[in-house]
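Asker: Would you mind keeping the following structure in view while I ask a few things?
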Amino acid sequence: MPPQAIPAAEVTGLLQAWRSGDAAAGDALLARIYLELKQIAASQLRRERPDHTLQTTALVSEAFLRLIDQRNVDWRDRTHFFGLAATMMRRVLVDHARARLARKRITPEIPIVETISIGPGTEVELLDLDRALTALAASHPRQARVVEMRFFGEMDVDQIALCLGVSTPTVKRDWQFSRAWLNAALADLRPAP
Amino acid sequence: MSGEISELFTEALELAPGERDRFVAGIAARDPDLASALARLLARAEDESSPLDRSPWTPFVPSAGLAPLIPLTPLNPLAPLPTLPPLTASGNAATEPQRPDFPDRIGPYTIVRELGRGGMGRVFLAEERTEEYSRSIALKVIDRPIVDGDALRRFRDEVRILSILEHPGIARFLSGGKSPEGVWYLALEYVDGDDLLTWAREHDLDARGRVQLFRSVLDPIAFAHAKRIVHRDLKPTHLLIDRQGRPRLLDFGISKLLAAEGGAELAETRTEARALTPAYAAPEQFRGEPATPATDVFALGVVLYELLSGRRPFLETSAAARDLEHAILHSDPAPPSTAARRSRAAQKRSKPQPDTGKARSGANTTTARVLNRDLDAICLKALRKNPADRYVDADAMAADLDAHLSGRPVGARRGGWRYRTGRSLYRHRVATALAAALVIAAGAGIFGISAYREAARARPAVPAVPALALLSQAKAAELEKEFAAHPGNSAIGAQLVIALVREGRMPEAEVALGRVRQIPGSADEPFVDHAEGVLATSRGELQRALALSSRSLELAEKQRRGDLVPTFRLAHARALSDLGQTAASLADLRTALREANAANDDVSRAIALNDLAVAKLQEGQFRAGEWLLLQALAAARRAHDDVRIAVSEINLAGLAFERGRPDLAAAYNEETALTFRRLGRERRAAGVDLEHSRALRDLGSPAEADRLLERAIAGLRKVEDQQILSAAFYDKALTAIDRGEFPAAEALATAIGENARASGKSALLALVDDTHARIELAHGNLSAARRHFAAAWTMQRQEDDLNAAFSVALCQGDLELRAGNPAVAHALIERELAALPAREPDSSSDFFGEILLARADLALGAIASAERRLSARRAEGESSPSLSRQLAFVVADSERADAAGDAAARDALLRRAITIAERVDHSEDAERFRQALESAAPTPTSNQQ
């Protein structure tokens, strides 16, 4: 089923299914969120406001408001939605960085990234980080997920704890560990001058 | 290994650097690789910078020179957040003040002048200049530093929400953050305009103009409410009208932002809770309770009151804050029309009082004179102490004001009689369907009981258990004793688990199950799986329940315990049915019935027959279902199983009610309620009370019905059965609507919604929409009602509850009739009737569906068709024991008489309708019929012009 064929009413159900462990629902949801974000970003671009740029989490918030039947969700669903969106934002960002590196210029194809544009000169760093994070996930999946949510999803410690079902001290410890681990891995990739 | 290194890392980090080395060295002794990896990580833990410390995203607002607030807060959660010097009246410690009182610039903003001061800081008019443009902004400088992480988090959350609030009537929130000078600020769009009261006075608006002006500010507020954003500090100075006369609202959500900024420790104190404007604050704000859209409605009520009467509702005697708080919390304001008269009198005697100043002089004689009871009612409803009694949000308040402005009666006075006549008749079906679910659910507890008895009888290997007959209907307390006496008997333990579940003591059931699971050999005891399955069912873990029931069935078959097989097969059938696997479930039931017959097990026979009957009933096959139920009743009587007897009787009662025989239903219910009370089954007894109250209502005993409904609610509250409690709330809400008590109905709808969320039973949300739809309809908001009904219908269809969906469809058809779309109504009902399974002509769906089709025929001019339909139902309609059927028929018949030009017959039928409506306590309906009778076109002979 193409993702746009999923009616909005079902999105709430998908979210709740994903929450209770249905990975396929997460994938379907991801596709649906991506489309919605693209639409929001595109309309934001059309408005051409020089003074206002949508912030990542505002973008995700709006997608949440648009996609999810607000009567049927509670704050846990909201947090889980952000958790899922974090994965997607990572994907968006990495795709964009790749495209930018390949063409050495700004690509207008991904309006999400245009709208919340990343600063110049970070592509290599970002792609390295992405690779290192994938490696981390192989041995420490939860710790990698914490990074995804915190770094790409801009979620705070409490939200991450809720999403992963662990305590906030655990999230903080995971972050410390991941930060050290990634620093070490990145140092291997690009030895300090 | 992978887990180990992260744990060692955390452990090592907590050590002093010297100890760390020793720690690593200790590990090196047993695992050198692990130690070197750990050492490497520890070396990196202290890194000053990391790519992770910079957000991959651009700052929130890309204005040069501003530290973005959201993404760039330190990502290392252990790094301390910056503590900021407070901005004092003499300037900021981090800036070079050009003037003694305030800085020249804050970040990229040039300060023009001070606009005002509030509890949280100051507001400046500032300019933002770039090469491309320049614009004015309102800059709020926050007087307190954001120090703790929690406050910062809340602040950031709010900023996110506010940044998506875009509406032409709301001054935009532009950005928020910390300037390079260390000043925390919020930048907002600057609006040049006057507040609502000033504007009304300067434009010399009359009462109608004032209401229209007030109405215009509700749209942006309703917009925010729809996004779940509450203003929390609405007052005239936040309700601006710009130079073009457009409403422009200030500071949406800002008070929450500032409260968040205040910090957790402050939020605990009384002063923090008072970060509000007392004259406009709702009672719940004084109590420090969370703000909802109804909180804004209260403030809007104060503003409207002030706008109309020139006085504030709670400022009669004293403006002292403490007295004011007391007044808001405890006193009821006079209606604004009364206040306006007093205000006018006061003006005659003297000049306006200094304490209310301009606002008071806003009232003039015209305003006071035309203030009518509608506006009084609207104001007072908005000002109710209990948030649940107010309009739920700005949209609901706007709807009533619109009704007033367009000359329609507002609130309870609203309603066309055709709609009213139909509406009240269709309500019992949704709840009935829910109650049917309750009856099927009876199985869970009962299976266990009967199975236990059978097991004990058939298995002398189980240590002798005294007083078996007593135990078969035992309470958990008794089984607890029994289990204590036979701690190695996992079958008794399992029985205890089931009894605990039945009594709603879930945590204890879990504990008991844990104990049973530890008994050696319990894995081979099919009862234990069975009990766990019952527990899983009650928690809604349906797949697990199915797996467990399969396992217990297999075990019983393998162990050749033929006596137990029917019991476990019934549980299996039940699990299949819960998962919607109807065909498989029915096959199981039939097998179980055969097995029960072979084993001469009357209890299992009764269960199988009952559940087969319910399946038939759900297919609309009433006669087959009734026959099976009577057989089940006979089997239960043979087994002297009171619970089974009562369950069959409940179902017979439900069936009787469904077939238009509330008298029979009441007789069955009376019996079963007594049985359940005697057995101490509070939940079941309450469920029966609920059914009984419905039957009594339909028989014309509303007072007795109310008493039983209240008793049901009390009982259900006690056992905390949220689902059936919601069904009871639904009944009560619809009764409230019948009597024109809309706030009560709204509060009940809210309670149902909360139950739905708490219990995860989304089917209950259909009831919320259903109730809202009826309230909207009663207020004449057809499009809102249509929306809610559509949502309710969709949910019922998703739940696969065709009968409940049909009952909603009847309301939809009625709505369309009322909206003047009889063709739509006709098509809708025909479609829905076709979607229902085959049914008997005496079913409610068929009866009410046909009556509605007849009414649609009449409206379409198809008189002959309508007459055919009505004459087929005449005998039933004129003499049914069900007053709701009589009422529906009589009303349709009066419409037929009207269409046929027989005014005398029409009026006689209307009078009869009034009598019936009064018997069932539908005061609103009776009133509608009376109005219809008075306003009905006179007979052609008596009034020819």
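Residues are referred to by chain and number: the chain letter is A, B, ... according to the order shown in the structure tokens, the number counts from 1 in that chain, and ligands are numbered separately from 1 in the order shown.
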Name the residues of range 758-848 of chain B that fall into alpha helix (DSSP H) according to DSSP on the backbone, using the chain letters and numbers of this document, as a PyMOL selection string.

Answerer: chain B and resi 758-759+763-778+782-798+802-818+822-835+844-848

Asker: Using only C-alpha atoms, determine which residues lie at most 9 Å from range 279-294 of chain B, disregarding the query and same-chain residues fewer than 6 positions distant; provide the list as a PyMOL selection string.

Answerer: chain B and resi 222+225+228-235+270+273+300-303+312-315+319+321+324-325+328-330+382-383+385-394

Asker: Output C-alpha atoms for every residue in the selection just made, as an mmCIF file, in the first residue's frame.

Answerer:
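Resulting contents of again08.cif:
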data_model
loop_
_atom_site.group_PDB
_atom_site.id
_atom_site.type_symbol
_atom_site.label_atom_id
_atom_site.label_comp_id
_atom_site.auth_asym_id
_atom_site.auth_seq_id
_atom_site.Cartn_x
_atom_site.Cartn_y
_atom_site.Cartn_z
ATOM 1 C CA ALA B 222 -11.633 28.777 19.323
ATOM 2 C CA HIS B 225 -8.641 25.741 21.720
ATOM 3 C CA ARG B 228 -5.428 22.427 22.683
ATOM 4 C CA ILE B 229 -3.797 25.698 23.517
ATOM 5 C CA VAL B 230 -5.239 27.646 26.409
ATOM 6 C CA HIS B 231 -4.598 31.349 26.905
ATOM 7 C CA ARG B 232 -4.877 31.263 30.727
ATOM 8 C CA ASP B 233 -4.823 35.014 31.108
ATOM 9 C CA LEU B 234 -7.593 36.459 28.982
ATOM 10 C CA LYS B 235 -8.594 40.002 29.882
ATOM 11 C CA ARG B 270 1.298 30.505 46.583
ATOM 12 C CA ALA B 273 0.073 30.111 41.635
ATOM 13 C CA LEU B 300 -14.496 35.467 28.565
ATOM 14 C CA GLY B 301 -17.611 35.388 30.718
ATOM 15 C CA VAL B 302 -16.161 38.136 32.905
ATOM 16 C CA VAL B 303 -15.246 40.192 29.848
ATOM 17 C CA ARG B 312 -17.398 43.120 36.663
ATOM 18 C CA PRO B 313 -19.378 40.197 38.020
ATOM 19 C CA PHE B 314 -17.374 39.814 41.198
ATOM 20 C CA LEU B 315 -16.484 43.390 41.938
ATOM 21 C CA ALA B 319 -11.725 45.329 44.943
ATOM 22 C CA ALA B 321 -7.764 40.834 46.127
ATOM 23 C CA LEU B 324 -12.317 39.142 45.156
ATOM 24 C CA GLU B 325 -10.887 35.662 45.352
ATOM 25 C CA ILE B 328 -14.999 34.232 42.630
ATOM 26 C CA LEU B 329 -14.733 31.021 44.548
ATOM 27 C CA HIS B 330 -17.938 31.209 46.512
ATOM 28 C CA ALA B 382 -19.607 30.892 31.229
ATOM 29 C CA LEU B 383 -19.153 31.943 34.851
ATOM 30 C CA LYS B 385 -17.808 27.601 39.335
ATOM 31 C CA ASN B 386 -17.368 24.099 38.034
ATOM 32 C CA PRO B 387 -15.439 24.085 34.731
ATOM 33 C CA ALA B 388 -17.534 21.136 33.551
ATOM 34 C CA ASP B 389 -20.673 23.257 33.855
ATOM 35 C CA ARG B 390 -19.356 25.964 31.524
ATOM 36 C CA TYR B 391 -19.153 25.962 27.772
ATOM 37 C CA VAL B 392 -16.474 23.447 26.942
ATOM 38 C CA ASP B 393 -14.561 25.946 24.868
ATOM 39 C CA ALA B 394 -14.785 29.210 22.969
#

Asker: Please report the interatomic distance between CA of Asp578 in chain B and CA of Ile752 in chain B in Å with one decimal.

Answerer: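 That distance, rounded to one decimal, is 22.4 Å.
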
Asker: Which of these, B:Ala766, B:Leu674, B:Leu633, B:Ala126, has the shortest distance to chain A once you count only C-alpha atoms?

Answerer: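 Of B:Ala766, B:Leu674, B:Leu633, B:Ala126, the one nearest chain A, counting only C-alpha atoms, is B:Ala766.
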
Asker: Near Glu754 in chain B, within 10 Å and counting only C-alpha atoms, which residues show up once chain neighbours fewer than 6 positions away are dropped, as a list in words?

Answerer: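 So the residues in contact are Gln722, Ser726, Leu748, Gly760, Leu764, Leu765 and Val768 of chain B.
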
Asker: Leaving out Phe124 in chain B and any residue of its chain fewer than 3 positions from it, which residues lie within 9 Å of it when counting only C-alpha atoms, given as JSON, numbers by chain?

Answerer: {"B": [111, 112, 113, 114, 115, 116, 117, 137, 138, 139, 140, 141]}

Asker: Using N, CA and C atoms, can you write the selected residues to a file as an mmCIF file, in the first residue's frame?

Answerer:
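What ended up in part_35.cif:
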data_model
loop_
_atom_site.group_PDB
_atom_site.id
_atom_site.type_symbol
_atom_site.label_atom_id
_atom_site.label_comp_id
_atom_site.auth_asym_id
_atom_site.auth_seq_id
_atom_site.Cartn_x
_atom_site.Cartn_y
_atom_site.Cartn_z
ATOM 1 N N ILE B 111 15.393 49.083 21.329
ATOM 2 C CA ILE B 111 14.282 49.406 22.223
ATOM 3 C C ILE B 111 13.773 50.813 21.903
ATOM 4 N N VAL B 112 12.469 50.949 21.744
ATOM 5 C CA VAL B 112 11.891 52.260 21.457
ATOM 6 C C VAL B 112 11.348 52.877 22.736
ATOM 7 N N ARG B 113 10.451 52.142 23.393
ATOM 8 C CA ARG B 113 9.951 52.645 24.674
ATOM 9 C C ARG B 113 9.361 51.494 25.475
ATOM 10 N N GLU B 114 9.118 51.791 26.733
ATOM 11 C CA GLU B 114 8.515 50.771 27.564
ATOM 12 C C GLU B 114 7.010 50.813 27.388
ATOM 13 N N LEU B 115 6.414 49.626 27.228
ATOM 14 C CA LEU B 115 4.959 49.564 27.065
ATOM 15 C C LEU B 115 4.261 49.246 28.376
ATOM 16 N N GLY B 116 4.926 48.493 29.207
ATOM 17 C CA GLY B 116 4.280 48.152 30.472
ATOM 18 C C GLY B 116 5.136 47.229 31.302
ATOM 19 N N ARG B 117 4.651 46.988 32.514
ATOM 20 C CA ARG B 117 5.349 46.086 33.416
ATOM 21 C C ARG B 117 4.387 45.047 33.942
ATOM 22 N N ILE B 137 8.069 45.273 17.074
ATOM 23 C CA ILE B 137 7.729 44.074 17.829
ATOM 24 C C ILE B 137 7.515 44.450 19.298
ATOM 25 N N ALA B 138 6.801 43.589 19.961
ATOM 26 C CA ALA B 138 6.679 43.726 21.409
ATOM 27 C C ALA B 138 7.680 42.758 22.023
ATOM 28 N N LEU B 139 8.548 43.282 22.849
ATOM 29 C CA LEU B 139 9.607 42.469 23.426
ATOM 30 C C LEU B 139 9.361 42.334 24.923
ATOM 31 N N LYS B 140 9.113 41.117 25.323
ATOM 32 C CA LYS B 140 8.925 40.884 26.757
ATOM 33 C C LYS B 140 10.253 40.453 27.326
ATOM 34 N N VAL B 141 10.720 41.180 28.285
ATOM 35 C CA VAL B 141 11.977 40.811 28.921
ATOM 36 C C VAL B 141 11.650 40.135 30.238
#

Asker: Between CA of Met149 in chain A and CA of Pro51 in chain B, what is the distance, to one decimal in Å?

Answerer: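 Between these atoms lies a distance of 15.1 Å.
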